[in-house]
file my_file03.tsv (TSV, C-alpha atoms (C1' of nucleotides))
chain	number	residue	atom	x	y	z
M	1	MET	CA	74.74	-102.76	66.07
M	2	ILE	CA	71.60	-104.32	67.46
M	3	LEU	CA	68.08	-103.96	66.24
M	4	ARG	CA	66.47	-101.10	68.04
M	5	LYS	CA	63.25	-100.47	66.25
M	6	LEU	CA	60.81	-99.88	68.97
M	7	ASP	CA	62.57	-97.80	71.55
M	8	LYS	CA	62.98	-94.58	69.61
M	9	LYS	CA	61.73	-92.79	66.57
M	10	PRO	CA	64.30	-93.30	63.83
M	11	GLU	CA	64.75	-89.57	63.33
M	12	GLU	CA	65.76	-89.05	66.92
M	13	ALA	CA	67.88	-92.16	67.09
M	14	ARG	CA	70.43	-90.79	64.65
M	15	GLU	CA	70.53	-87.06	64.62
M	16	GLY	CA	73.29	-85.74	62.42
M	17	GLU	CA	74.27	-88.99	60.90
M	18	LEU	CA	70.92	-89.83	59.30
M	19	GLY	CA	71.77	-93.52	59.17
M	20	LEU	CA	73.44	-93.36	55.79
M	21	SER	CA	76.11	-95.86	54.95
M	22	GLU	CA	79.59	-94.57	55.71
M	23	CYS	CA	81.20	-97.12	53.49
M	24	LEU	CA	79.10	-96.29	50.44
M	25	LEU	CA	79.53	-92.57	51.02
M	26	ASP	CA	83.15	-93.21	50.07
M	27	ARG	CA	82.30	-95.00	46.84
M	28	THR	CA	82.36	-92.68	43.88
M	29	GLY	CA	80.06	-94.99	41.95
M	30	PHE	CA	77.39	-94.80	44.60
M	31	LEU	CA	77.77	-91.05	45.02
M	32	LEU	CA	77.65	-90.31	41.31
M	33	LYS	CA	74.55	-92.38	40.83
M	34	LYS	CA	72.65	-90.85	43.72
M	35	ALA	CA	73.75	-87.30	42.92
M	36	ALA	CA	72.65	-87.78	39.32
M	37	LEU	CA	69.25	-89.02	40.47
M	38	ARG	CA	68.82	-86.08	42.83
M	39	ILE	CA	69.61	-83.44	40.26
M	40	GLN	CA	67.38	-85.17	37.75
M	41	GLU	CA	64.67	-84.94	40.35
M	42	ALA	CA	65.42	-81.23	40.76
M	43	TYR	CA	64.97	-80.72	37.02
M	44	GLU	CA	61.78	-82.71	36.93
M	45	GLY	CA	58.85	-80.69	35.79
M	46	ARG	CA	60.80	-77.43	35.72
M	47	LEU	CA	60.97	-77.46	31.93
M	48	ASP	CA	57.34	-78.48	31.52
M	49	PRO	CA	56.16	-74.89	30.97
M	50	LEU	CA	58.31	-74.89	27.84
M	51	GLY	CA	56.82	-78.18	26.69
M	52	MET	CA	60.03	-80.12	27.10
M	53	ALA	CA	62.04	-82.38	29.37
M	54	ALA	CA	65.76	-82.44	30.14
M	55	LYS	CA	66.48	-84.77	27.24
M	56	HIS	CA	64.92	-82.29	24.84
M	57	TYR	CA	66.85	-79.43	26.33
M	58	GLY	CA	70.12	-81.19	25.61
M	59	VAL	CA	69.29	-81.55	21.94
M	60	LEU	CA	68.15	-77.95	21.59
M	61	SER	CA	71.34	-76.74	23.26
M	62	VAL	CA	73.51	-78.58	20.82
M	63	LEU	CA	71.56	-77.29	17.86
M	64	GLU	CA	71.84	-73.77	19.14
M	65	GLU	CA	75.56	-74.18	19.56
M	66	LYS	CA	76.41	-76.08	16.40
M	67	GLY	CA	73.77	-74.96	13.97
M	68	SER	CA	72.28	-77.53	11.63
M	69	ILE	CA	73.75	-80.99	12.13
M	70	THR	CA	72.57	-84.54	11.51
M	71	GLN	CA	70.77	-86.70	14.04
M	72	HIS	CA	73.78	-88.93	14.42
M	73	GLU	CA	76.00	-85.94	15.14
M	74	ILE	CA	73.64	-84.58	17.76
M	75	GLY	CA	73.78	-87.96	19.42
M	76	ARG	CA	77.54	-87.97	19.42
M	77	CYS	CA	77.65	-84.51	20.99
M	78	ILE	CA	75.49	-85.51	23.92
M	79	TYR	CA	76.16	-89.24	24.20
M	80	VAL	CA	72.71	-90.24	23.10
M	81	ASP	CA	71.96	-93.38	21.13
M	82	ARG	CA	70.86	-93.05	17.51
M	83	THR	CA	67.61	-94.89	18.25
M	84	THR	CA	66.85	-92.66	21.22
M	85	MET	CA	67.43	-89.55	19.07
M	86	VAL	CA	64.59	-90.52	16.77
M	87	GLY	CA	62.04	-90.27	19.55
M	88	ILE	CA	63.42	-87.07	21.02
M	89	LEU	CA	63.37	-85.35	17.63
M	90	ASP	CA	59.87	-86.65	16.96
M	91	ASP	CA	58.77	-84.92	20.15
M	92	LEU	CA	60.55	-81.70	19.31
M	93	GLU	CA	59.25	-81.63	15.77
M	94	LYS	CA	55.72	-82.20	17.00
M	95	LYS	CA	56.14	-79.23	19.32
M	96	GLY	CA	57.44	-77.16	16.41
M	97	LEU	CA	60.80	-76.51	18.05
M	98	VAL	CA	62.96	-78.22	15.41
M	99	GLU	CA	62.64	-79.22	11.77
M	100	ARG	CA	64.14	-82.13	9.91
M	101	LYS	CA	65.13	-80.89	6.47
M	102	GLU	CA	66.83	-82.50	3.53
M	103	HIS	CA	70.54	-82.73	3.94
M	104	PRO	CA	72.18	-80.75	1.11
M	105	THR	CA	74.70	-83.40	0.16
M	106	ASP	CA	73.69	-86.66	1.83
M	107	ARG	CA	70.20	-87.93	1.18
M	108	ARG	CA	70.47	-90.54	3.94
M	109	SER	CA	70.86	-87.86	6.59
M	110	HIS	CA	68.50	-85.29	7.96
M	111	ALA	CA	69.66	-81.76	8.51
M	112	VAL	CA	68.08	-80.77	11.81
M	113	TYR	CA	67.37	-77.10	12.44
M	114	LEU	CA	66.02	-75.04	15.30
M	115	THR	CA	62.86	-73.21	14.34
M	116	SER	CA	62.44	-69.66	15.58
M	117	LYS	CA	60.09	-71.06	18.19
M	118	GLY	CA	62.85	-73.50	19.11
M	119	LYS	CA	65.41	-70.73	19.43
M	120	GLU	CA	63.14	-68.83	21.73
M	121	ALA	CA	62.43	-71.95	23.79
M	122	VAL	CA	66.07	-72.87	24.25
M	123	GLY	CA	66.85	-69.37	25.51
M	124	LYS	CA	64.18	-69.70	28.17
M	125	ALA	CA	65.34	-73.22	28.92
M	126	HIS	CA	68.88	-72.02	29.58
M	127	HIS	CA	67.48	-69.64	32.10
M	128	LEU	CA	65.37	-72.26	33.84
M	129	ALA	CA	68.23	-74.74	33.87
M	130	SER	CA	70.53	-72.20	35.47
M	131	THR	CA	67.98	-71.59	38.18
M	132	VAL	CA	67.53	-75.30	38.86
M	133	GLU	CA	71.25	-75.92	39.07
M	134	LYS	CA	71.91	-72.87	41.17
M	135	ARG	CA	69.44	-74.07	43.74
M	136	PHE	CA	70.68	-77.64	43.61
M	137	LEU	CA	74.30	-76.59	44.09
M	138	GLU	CA	73.76	-73.97	46.74
M	139	CYS	CA	74.99	-76.30	49.47
M	140	LEU	CA	78.44	-75.97	47.86
M	141	SER	CA	80.79	-73.01	47.84
M	142	ALA	CA	81.42	-71.24	44.55
M	143	ARG	CA	84.85	-72.84	44.42
M	144	GLU	CA	83.40	-76.31	44.98
M	145	GLN	CA	80.78	-75.81	42.31
M	146	LYS	CA	83.41	-74.87	39.79
M	147	GLU	CA	85.71	-77.67	40.86
M	148	LEU	CA	82.90	-80.20	40.59
M	149	ARG	CA	82.17	-79.16	37.03
M	150	GLN	CA	85.81	-79.28	36.05
M	151	ILE	CA	86.39	-82.70	37.57
M	152	LEU	CA	83.23	-84.19	36.12
M	153	ARG	CA	84.06	-82.74	32.75
M	154	LYS	CA	87.46	-84.38	32.88
M	155	LEU	CA	85.86	-87.71	33.78
M	156	VAL	CA	83.21	-87.51	31.09
M	157	VAL	CA	85.62	-86.51	28.36
M	158	SER	CA	88.15	-89.18	29.38
M	159	HIS	CA	85.52	-91.85	29.22
M	160	TYR	CA	84.10	-90.57	25.97
M	161	SER	CA	85.76	-93.47	24.20
M	162	SER	CA	83.91	-95.95	26.35
M	163	THR	CA	80.70	-95.00	24.58
M	164	LYS	CA	79.56	-97.85	22.42
M	165	ALA	CA	81.83	-97.76	19.36
M	166	SER	CA	78.92	-98.37	17.01
M	167	GLU	CA	77.43	-95.06	18.14
M	168	ARG	CA	80.51	-93.07	17.20
M	169	GLY	CA	80.80	-94.17	13.59
M	170	GLU	CA	83.71	-96.47	14.31
M	171	GLY	CA	81.98	-99.73	13.59
J	172	MET	CA	78.62	-74.07	11.64
J	173	ILE	CA	77.71	-75.54	8.30
J	174	LEU	CA	77.00	-79.13	7.47
J	175	ARG	CA	80.21	-80.76	6.46
J	176	LYS	CA	79.54	-84.40	6.34
J	177	LEU	CA	81.25	-85.53	3.24
J	178	ASP	CA	84.53	-83.72	3.16
J	179	LYS	CA	86.30	-85.34	6.11
J	180	LYS	CA	86.14	-88.29	8.41
J	181	PRO	CA	84.54	-87.11	11.64
J	182	GLU	CA	87.53	-88.23	13.72
J	183	GLU	CA	89.90	-86.05	11.76
J	184	ALA	CA	87.54	-83.14	11.48
J	185	ARG	CA	87.64	-82.45	15.21
J	186	GLU	CA	90.76	-83.72	16.85
J	187	GLY	CA	90.97	-82.63	20.46
J	188	GLU	CA	87.52	-81.27	20.71
J	189	LEU	CA	85.63	-84.47	19.82
J	190	GLY	CA	82.52	-82.53	18.88
J	191	LEU	CA	81.06	-82.55	22.36
J	192	SER	CA	78.73	-79.79	23.37
J	193	GLU	CA	80.54	-76.96	25.15
J	194	CYS	CA	77.36	-75.65	26.63
J	195	LEU	CA	76.30	-78.95	28.14
J	196	LEU	CA	79.79	-79.62	29.44
J	197	ASP	CA	79.08	-76.73	31.78
J	198	ARG	CA	75.81	-78.18	33.02
J	199	THR	CA	76.24	-80.11	36.22
J	200	GLY	CA	73.08	-82.06	35.53
J	201	PHE	CA	74.36	-83.30	32.22
J	202	LEU	CA	77.80	-84.08	33.62
J	203	LEU	CA	76.50	-85.96	36.63
J	204	LYS	CA	74.21	-88.07	34.53
J	205	LYS	CA	76.85	-89.02	31.99
J	206	ALA	CA	79.54	-89.63	34.61
J	207	ALA	CA	77.16	-91.86	36.53
J	208	LEU	CA	76.41	-93.85	33.39
J	209	ARG	CA	80.08	-94.27	32.61
J	210	ILE	CA	81.06	-95.54	36.02
J	211	GLN	CA	78.08	-97.85	36.04
J	212	GLU	CA	79.42	-99.18	32.77
J	213	ALA	CA	82.82	-99.63	34.37
J	214	TYR	CA	81.26	-101.71	37.15
J	215	GLU	CA	79.26	-103.77	34.72
J	216	GLY	CA	80.11	-107.42	34.90
J	217	ARG	CA	82.99	-106.90	37.32
J	218	LEU	CA	81.01	-108.27	40.24
J	219	ASP	CA	79.61	-111.18	38.24
J	220	PRO	CA	82.25	-113.61	39.53
J	221	LEU	CA	80.78	-113.05	42.98
J	222	GLY	CA	77.27	-113.67	41.69
J	223	MET	CA	76.13	-110.11	42.26
J	224	ALA	CA	75.59	-106.72	40.67
J	225	ALA	CA	76.27	-103.23	42.02
J	226	LYS	CA	72.84	-103.01	43.61
J	227	HIS	CA	73.53	-106.14	45.61
J	228	TYR	CA	76.91	-104.87	46.68
J	229	GLY	CA	75.32	-101.80	48.20
J	230	VAL	CA	73.02	-103.85	50.36
J	231	LEU	CA	75.76	-106.19	51.52
J	232	SER	CA	77.96	-103.22	52.43
J	233	VAL	CA	75.30	-101.74	54.63
J	234	LEU	CA	74.65	-105.03	56.36
J	235	GLU	CA	78.34	-105.48	57.01
J	236	GLU	CA	78.52	-101.99	58.46
J	237	LYS	CA	75.33	-101.91	60.47
J	238	GLY	CA	74.76	-105.53	61.36
J	239	SER	CA	71.22	-106.85	61.27
J	240	ILE	CA	68.67	-104.25	60.24
J	241	THR	CA	65.25	-104.27	58.62
J	242	GLN	CA	64.61	-104.03	54.89
J	243	HIS	CA	63.21	-100.58	55.25
J	244	GLU	CA	66.29	-99.42	57.14
J	245	ILE	CA	68.61	-100.82	54.49
J	246	GLY	CA	66.66	-98.88	51.92
J	247	ARG	CA	66.97	-95.68	53.90
J	248	CYS	CA	70.73	-96.14	54.22
J	249	ILE	CA	71.26	-96.44	50.50
J	250	TYR	CA	68.30	-94.50	49.10
J	251	VAL	CA	66.57	-97.53	47.70
J	252	ASP	CA	62.83	-97.88	47.47
J	253	ARG	CA	61.07	-100.41	49.73
J	254	THR	CA	59.65	-102.26	46.72
J	255	THR	CA	63.04	-102.45	45.04
J	256	MET	CA	64.57	-103.88	48.21
J	257	VAL	CA	62.30	-106.89	48.07
J	258	GLY	CA	63.75	-108.01	44.76
J	259	ILE	CA	67.35	-107.34	45.71
J	260	LEU	CA	67.00	-109.33	48.93
J	261	ASP	CA	65.25	-112.13	47.05
J	262	ASP	CA	68.31	-112.37	44.81
J	263	LEU	CA	70.74	-112.29	47.71
J	264	GLU	CA	68.82	-114.83	49.70
J	265	LYS	CA	68.68	-117.15	46.71
J	266	LYS	CA	72.47	-116.88	46.43
J	267	GLY	CA	72.76	-117.65	50.13
J	268	LEU	CA	74.46	-114.35	50.93
J	269	VAL	CA	71.84	-113.01	53.31
J	270	GLU	CA	69.03	-114.40	55.46
J	271	ARG	CA	65.71	-112.89	56.42
J	272	LYS	CA	65.03	-113.88	60.01
J	273	GLU	CA	62.25	-113.06	62.42
J	274	HIS	CA	62.58	-109.67	63.98
J	275	PRO	CA	62.90	-110.11	67.75
J	276	THR	CA	60.34	-107.46	68.67
J	277	ASP	CA	58.39	-106.56	65.54
J	278	ARG	CA	56.70	-109.34	63.66
J	279	ARG	CA	56.00	-107.11	60.66
J	280	SER	CA	59.69	-106.60	60.04
J	281	HIS	CA	62.39	-108.90	58.83
J	282	ALA	CA	65.77	-108.90	60.50
J	283	VAL	CA	68.20	-109.25	57.63
J	284	TYR	CA	71.58	-110.84	58.30
J	285	LEU	CA	74.71	-111.53	56.32
J	286	THR	CA	75.48	-115.23	56.13
J	287	SER	CA	79.10	-116.29	56.47
J	288	LYS	CA	79.09	-116.75	52.71
J	289	GLY	CA	77.76	-113.22	52.43
J	290	LYS	CA	80.50	-111.85	54.69
J	291	GLU	CA	83.11	-113.49	52.56
J	292	ALA	CA	81.50	-112.19	49.37
J	293	VAL	CA	81.28	-108.61	50.55
J	294	GLY	CA	84.98	-108.62	51.43
J	295	LYS	CA	85.87	-109.71	47.93
J	296	ALA	CA	83.38	-107.22	46.50
J	297	HIS	CA	85.06	-104.36	48.35
J	298	HIS	CA	88.29	-105.33	46.71
J	299	LEU	CA	86.79	-105.53	43.23
J	300	ALA	CA	84.94	-102.25	43.67
J	301	SER	CA	88.15	-100.52	44.70
J	302	THR	CA	89.86	-101.80	41.59
J	303	VAL	CA	87.04	-100.64	39.33
J	304	GLU	CA	86.96	-97.18	40.86
J	305	LYS	CA	90.70	-96.80	40.87
J	306	ARG	CA	90.79	-97.44	37.15
J	307	PHE	CA	87.81	-95.24	36.44
J	308	LEU	CA	89.28	-92.33	38.38
J	309	GLU	CA	92.83	-92.61	37.19
J	310	CYS	CA	92.41	-89.66	34.84
J	311	LEU	CA	92.14	-87.50	37.97
J	312	SER	CA	94.86	-86.51	40.42
J	313	ALA	CA	94.70	-87.91	43.94
J	314	ARG	CA	93.58	-84.50	45.17
J	315	GLU	CA	90.80	-84.34	42.57
J	316	GLN	CA	89.59	-87.81	43.43
J	317	LYS	CA	89.31	-86.92	47.07
J	318	GLU	CA	87.71	-83.60	46.33
J	319	LEU	CA	85.16	-85.23	44.04
J	320	ARG	CA	84.12	-87.64	46.75
J	321	GLN	CA	83.83	-84.90	49.34
J	322	ILE	CA	81.78	-82.64	47.10
J	323	LEU	CA	79.47	-85.41	45.94
J	324	ARG	CA	79.02	-86.55	49.49
J	325	LYS	CA	78.01	-83.07	50.49
J	326	LEU	CA	75.51	-82.94	47.64
J	327	VAL	CA	74.03	-86.34	48.35
J	328	VAL	CA	73.67	-85.73	52.07
J	329	SER	CA	72.18	-82.27	51.54
J	330	HIS	CA	69.59	-83.64	49.20
J	331	TYR	CA	68.83	-86.61	51.42
J	332	SER	CA	65.61	-84.91	52.40
J	333	SER	CA	64.49	-84.74	48.81
J	334	THR	CA	64.09	-88.51	48.84
J	335	LYS	CA	60.43	-89.38	48.66
J	336	ALA	CA	59.11	-88.71	52.14
J	337	SER	CA	57.08	-91.91	52.11
J	338	GLU	CA	60.31	-93.87	51.90
J	339	ARG	CA	61.75	-92.34	55.02
J	340	GLY	CA	58.93	-93.15	57.38
J	341	GLU	CA	57.67	-89.59	57.45
J	342	GLY	CA	54.41	-90.23	55.70
E	343	DA	C1'	77.92	-99.16	-14.86
E	344	DA	C1'	77.48	-102.71	-11.53
E	345	DG	C1'	78.83	-104.52	-7.12
E	346	DT	C1'	80.38	-104.24	-2.25
E	347	DG	C1'	80.61	-102.72	2.25
E	348	DA	C1'	79.59	-98.92	5.28
E	349	DT	C1'	76.41	-95.45	7.05
E	350	DA	C1'	71.85	-92.61	8.50
E	351	DA	C1'	67.48	-92.97	10.04
E	352	DT	C1'	63.88	-95.82	11.55
E	353	DC	C1'	61.22	-99.48	13.92
E	354	DA	C1'	60.26	-103.39	16.96
E	355	DG	C1'	61.38	-105.39	20.85
E	356	DT	C1'	64.30	-106.17	25.31
E	357	DA	C1'	66.21	-105.39	29.90
E	358	DA	C1'	66.90	-102.68	33.84
E	359	DT	C1'	65.38	-99.14	36.92
E	360	DA	C1'	62.56	-96.52	40.00
E	361	DC	C1'	58.39	-95.94	41.06
E	362	DT	C1'	52.75	-95.98	42.35
E	363	DG	C1'	49.13	-98.08	44.48
E	364	DA	C1'	46.94	-101.88	46.71
E	365	DT	C1'	47.16	-105.74	50.03
E	366	DT	C1'	48.14	-108.24	54.24
E	367	DA	C1'	49.87	-108.58	58.69
E	368	DT	C1'	51.19	-106.29	62.58
E	369	DC	C1'	51.98	-102.56	65.84
E	370	DA	C1'	50.98	-98.53	69.03
E	371	DG	C1'	47.79	-95.90	71.35
E	372	DT	C1'	42.88	-94.78	72.50
V	373	DA	C1'	38.03	-103.85	70.37
V	374	DC	C1'	39.12	-99.80	67.26
V	375	DT	C1'	42.02	-96.59	64.63
V	376	DG	C1'	45.75	-95.02	62.17
V	377	DA	C1'	50.45	-96.01	60.98
V	378	DT	C1'	54.05	-99.17	59.44
V	379	DA	C1'	56.79	-103.44	57.14
V	380	DA	C1'	56.93	-106.36	53.55
V	381	DT	C1'	55.02	-107.83	49.37
V	382	DC	C1'	52.93	-107.90	44.69
V	383	DA	C1'	51.17	-106.18	40.30
V	384	DG	C1'	51.64	-102.98	37.13
V	385	DT	C1'	53.60	-98.41	34.96
V	386	DA	C1'	56.90	-95.13	32.90
V	387	DT	C1'	61.38	-94.23	31.55
V	388	DT	C1'	65.78	-95.21	29.86
V	389	DA	C1'	69.33	-97.17	27.10
V	390	DC	C1'	69.97	-100.47	24.32
V	391	DT	C1'	70.12	-104.68	20.35
V	392	DG	C1'	69.13	-106.14	15.99
V	393	DA	C1'	66.89	-105.73	11.60
V	394	DT	C1'	65.39	-102.87	7.65
V	395	DT	C1'	65.58	-99.44	4.00
V	396	DA	C1'	67.76	-96.01	1.45
V	397	DT	C1'	71.85	-94.03	0.25
V	398	DC	C1'	76.78	-93.26	-0.09
V	399	DA	C1'	81.84	-94.19	-1.14
V	400	DC	C1'	84.75	-96.97	-3.40
V	401	DT	C1'	86.18	-100.81	-6.37
V	402	DT	C1'	86.37	-103.19	-10.51
call {"tool": "encode", "arguments": {"input": "my_file03.tsv", "output": "structure tokens"}}
result
Amino acid sequence: MILRKLDKKPEEAREGELGLSECLLDRTGFLLKKAALRIQEAYEGRLDPLGMAAKHYGVLSVLEEKGSITQHEIGRCIYVDRTTMVGILDDLEKKGLVERKEHPTDRRSHAVYLTSKGKEAVGKAHHLASTVEKRFLECLSAREQKELRQILRKLVVSHYSSTKASERGEG
Amino acid sequence: MILRKLDKKPEEAREGELGLSECLLDRTGFLLKKAALRIQEAYEGRLDPLGMAAKHYGVLSVLEEKGSITQHEIGRCIYVDRTTMVGILDDLEKKGLVERKEHPTDRRSHAVYLTSKGKEAVGKAHHLASTVEKRFLECLSAREQKELRQILRKLVVSHYSSTKASERGEG
DNA sequence: AAGTGATAATCAGTAATACTGATTATCAGT
DNA sequence: ACTGATAATCAGTATTACTGATTATCACTT
């Protein structure tokens, strides 16, 4: 292929094809990374009305599902580093959506709880997240959407053990 | 669920289930992000012997496929920002894998070429990348692997237009 | 009861990434 | 010559995920 900058507008030069790289569109690594960026972009700002970002939503979801658990356990559930958890919980506590309480049996740990405000927020967040994902995935058939989730889930769970060992209490 | 820190080792407490969040394992956003991180991790260091990282591999692939194109065009092919391209090409030029030459008709642009060393490197990189992905995907059936690529490709191409307009020459 | 090694939360600092905005040189069209 | 757009570059920002160290506490040994 020869340089052909000045003869045509780029958009017209490659109609359907868009000029993307064929080779990389067959690399799962490339595709995963770009798809992840795009959906992150789709989420961006959508949770702002609730005073949270995607990272906060993940924590609230886990707390809703599991009840009161420690910071370390939340991290394990959502593959988030212990040091990153501190900041996320600081945010959420400041917003009044969670509380760090004394752990009943282990004074090193914090027992993290959803406040009633937090419970309300996570309900709304579920709704917003569903809307965002629905729109993002609408270029796929219902079957493809389901298949994508199943396959990704398999991948993520299989590679669970590749998370840094120190973060899973196996040091 | 009640706090139950001290009665069991975490590993034994939840055998198959691993304590992951059911709710988030149904969120495509969460799954895409974590899967992308894991495969990135799988790539990490594997291209070092060739003196490059994944981001360099992407650029070399495009150049191999499209021949000499401008920096901006490379970026469009692989969804990389113009400012990020500068650094990546600096690296590659330093390693002697690409050359920035004068563009034959547009003196603002650079015509970027693979050197013979670069051509050799990208061939080896293809091989390494295939190995990395094969291992990463081996928890999936051949059908699932193919399906995953097709679905992700559909997603990425559909959301091509959500790339920052300024990066696609539509400002 | 004291001692040892592991663990939970925290903090400070690092490295990588993707970006914004400004600058310079050049181009295309008036 | 003048205007607005574009290509490459640079400086600086925000975010993310992490490393390593610290403090308090726990579980277990002796």
call {"tool": "residues_around", "arguments": {"input": "my_file03.tsv", "residues": "region 120-124 of chain M", "least_positions_apart": "2", "cutoff": "8 Å", "atoms": "all atoms listed in the file", "output": "PyMOL selection string"}}
result
chain M and resi 50+57+60-61+64+97+116-118+126-128
call {"tool": "atom_distance", "arguments": {"input": "my_file03.tsv", "atom1": "C1' of DA389 (chain V)", "atom2": "CA of Val80 (chain M)"}}
result
8.7 Å
call {"tool": "calpha_fit_rmsd", "arguments": {"input": "my_file03.tsv", "fixed": "chain J", "moving": "chain M"}}
result
0.1 Å
call {"tool": "interface_residues", "arguments": {"input": "my_file03.tsv", "of": "chain V", "to": "chain J", "cutoff": "12 Å", "atoms": "all atoms listed in the file", "output": "PyMOL selection string"}}
result
chain V and resi 376-383+388-389+398-399
call {"tool": "write_last_selection", "arguments": {"input": "my_file03.tsv", "atoms": "C-alpha atoms (C1' of nucleotides)", "output": "CSV table (one decimal), in the frame of the given file"}}
result
chain,number,residue,atom,x,y,z
V,376,DG,C1',45.8,-95.0,62.2
V,377,DA,C1',50.4,-96.0,61.0
V,378,DT,C1',54.0,-99.2,59.4
V,379,DA,C1',56.8,-103.4,57.1
V,380,DA,C1',56.9,-106.4,53.6
V,381,DT,C1',55.0,-107.8,49.4
V,382,DC,C1',52.9,-107.9,44.7
V,383,DA,C1',51.2,-106.2,40.3
V,388,DT,C1',65.8,-95.2,29.9
V,389,DA,C1',69.3,-97.2,27.1
V,398,DC,C1',76.8,-93.3,-0.1
V,399,DA,C1',81.8,-94.2,-1.1
call {"tool": "closest_residue", "arguments": {"input": "my_file03.tsv", "among": "J:Leu308, J:Ala313, J:Leu260, J:Ala224", "to": "chain E", "atoms": "only C-alpha atoms (C1' of nucleotides)"}}
result
J:Ala224
call {"tool": "interface_residues", "arguments": {"input": "my_file03.tsv", "of": "chain J", "to": "chain M", "cutoff": "6 Å", "atoms": "all atoms listed in the file", "output": "number ranges by chain"}}
result
J: 172, 174, 190-192, 202-204, 206-207, 233, 237-238, 248, 323, 327
call {"tool": "atom_distance", "arguments": {"input": "my_file03.tsv", "atom1": "CA of Ile259 (chain J)", "atom2": "C1' of DA357 (chain E)"}}
result
16.0 Å
call {"tool": "closest_residue", "arguments": {"input": "my_file03.tsv", "among": "M:Lys119, M:Arg100, M:Lys95, M:His56", "to": "chain E", "atoms": "all atoms listed in the file"}}
result
M:Arg100
call {"tool": "atom_distance", "arguments": {"input": "my_file03.tsv", "atom1": "CA of Thr84 (chain M)", "atom2": "C1' of DG384 (chain V)"}}
result
24.3 Å
call {"tool": "interface_residues", "arguments": {"input": "my_file03.tsv", "of": "chain E", "to": "chain J", "cutoff": "8 Å", "atoms": "only C-alpha atoms (C1' of nucleotides)", "output": "list in words"}}
result
DA360, DA367, DT368 and DC369 of chain E
call {"tool": "residues_around", "arguments": {"input": "my_file03.tsv", "residues": "DT402 (chain V)", "least_positions_apart": "3", "cutoff": "12 Å", "atoms": "only C-alpha atoms (C1' of nucleotides)", "output": "list of chain:residue names"}}
result
E:DA343, E:DA344, E:DG345, E:DT346
call {"tool": "residues_around", "arguments": {"input": "my_file03.tsv", "residues": "DG355 (chain E)", "least_positions_apart": "4", "cutoff": "12 Å", "atoms": "only C-alpha atoms (C1' of nucleotides)", "output": "PyMOL selection string"}}
result
chain V and resi 390-393
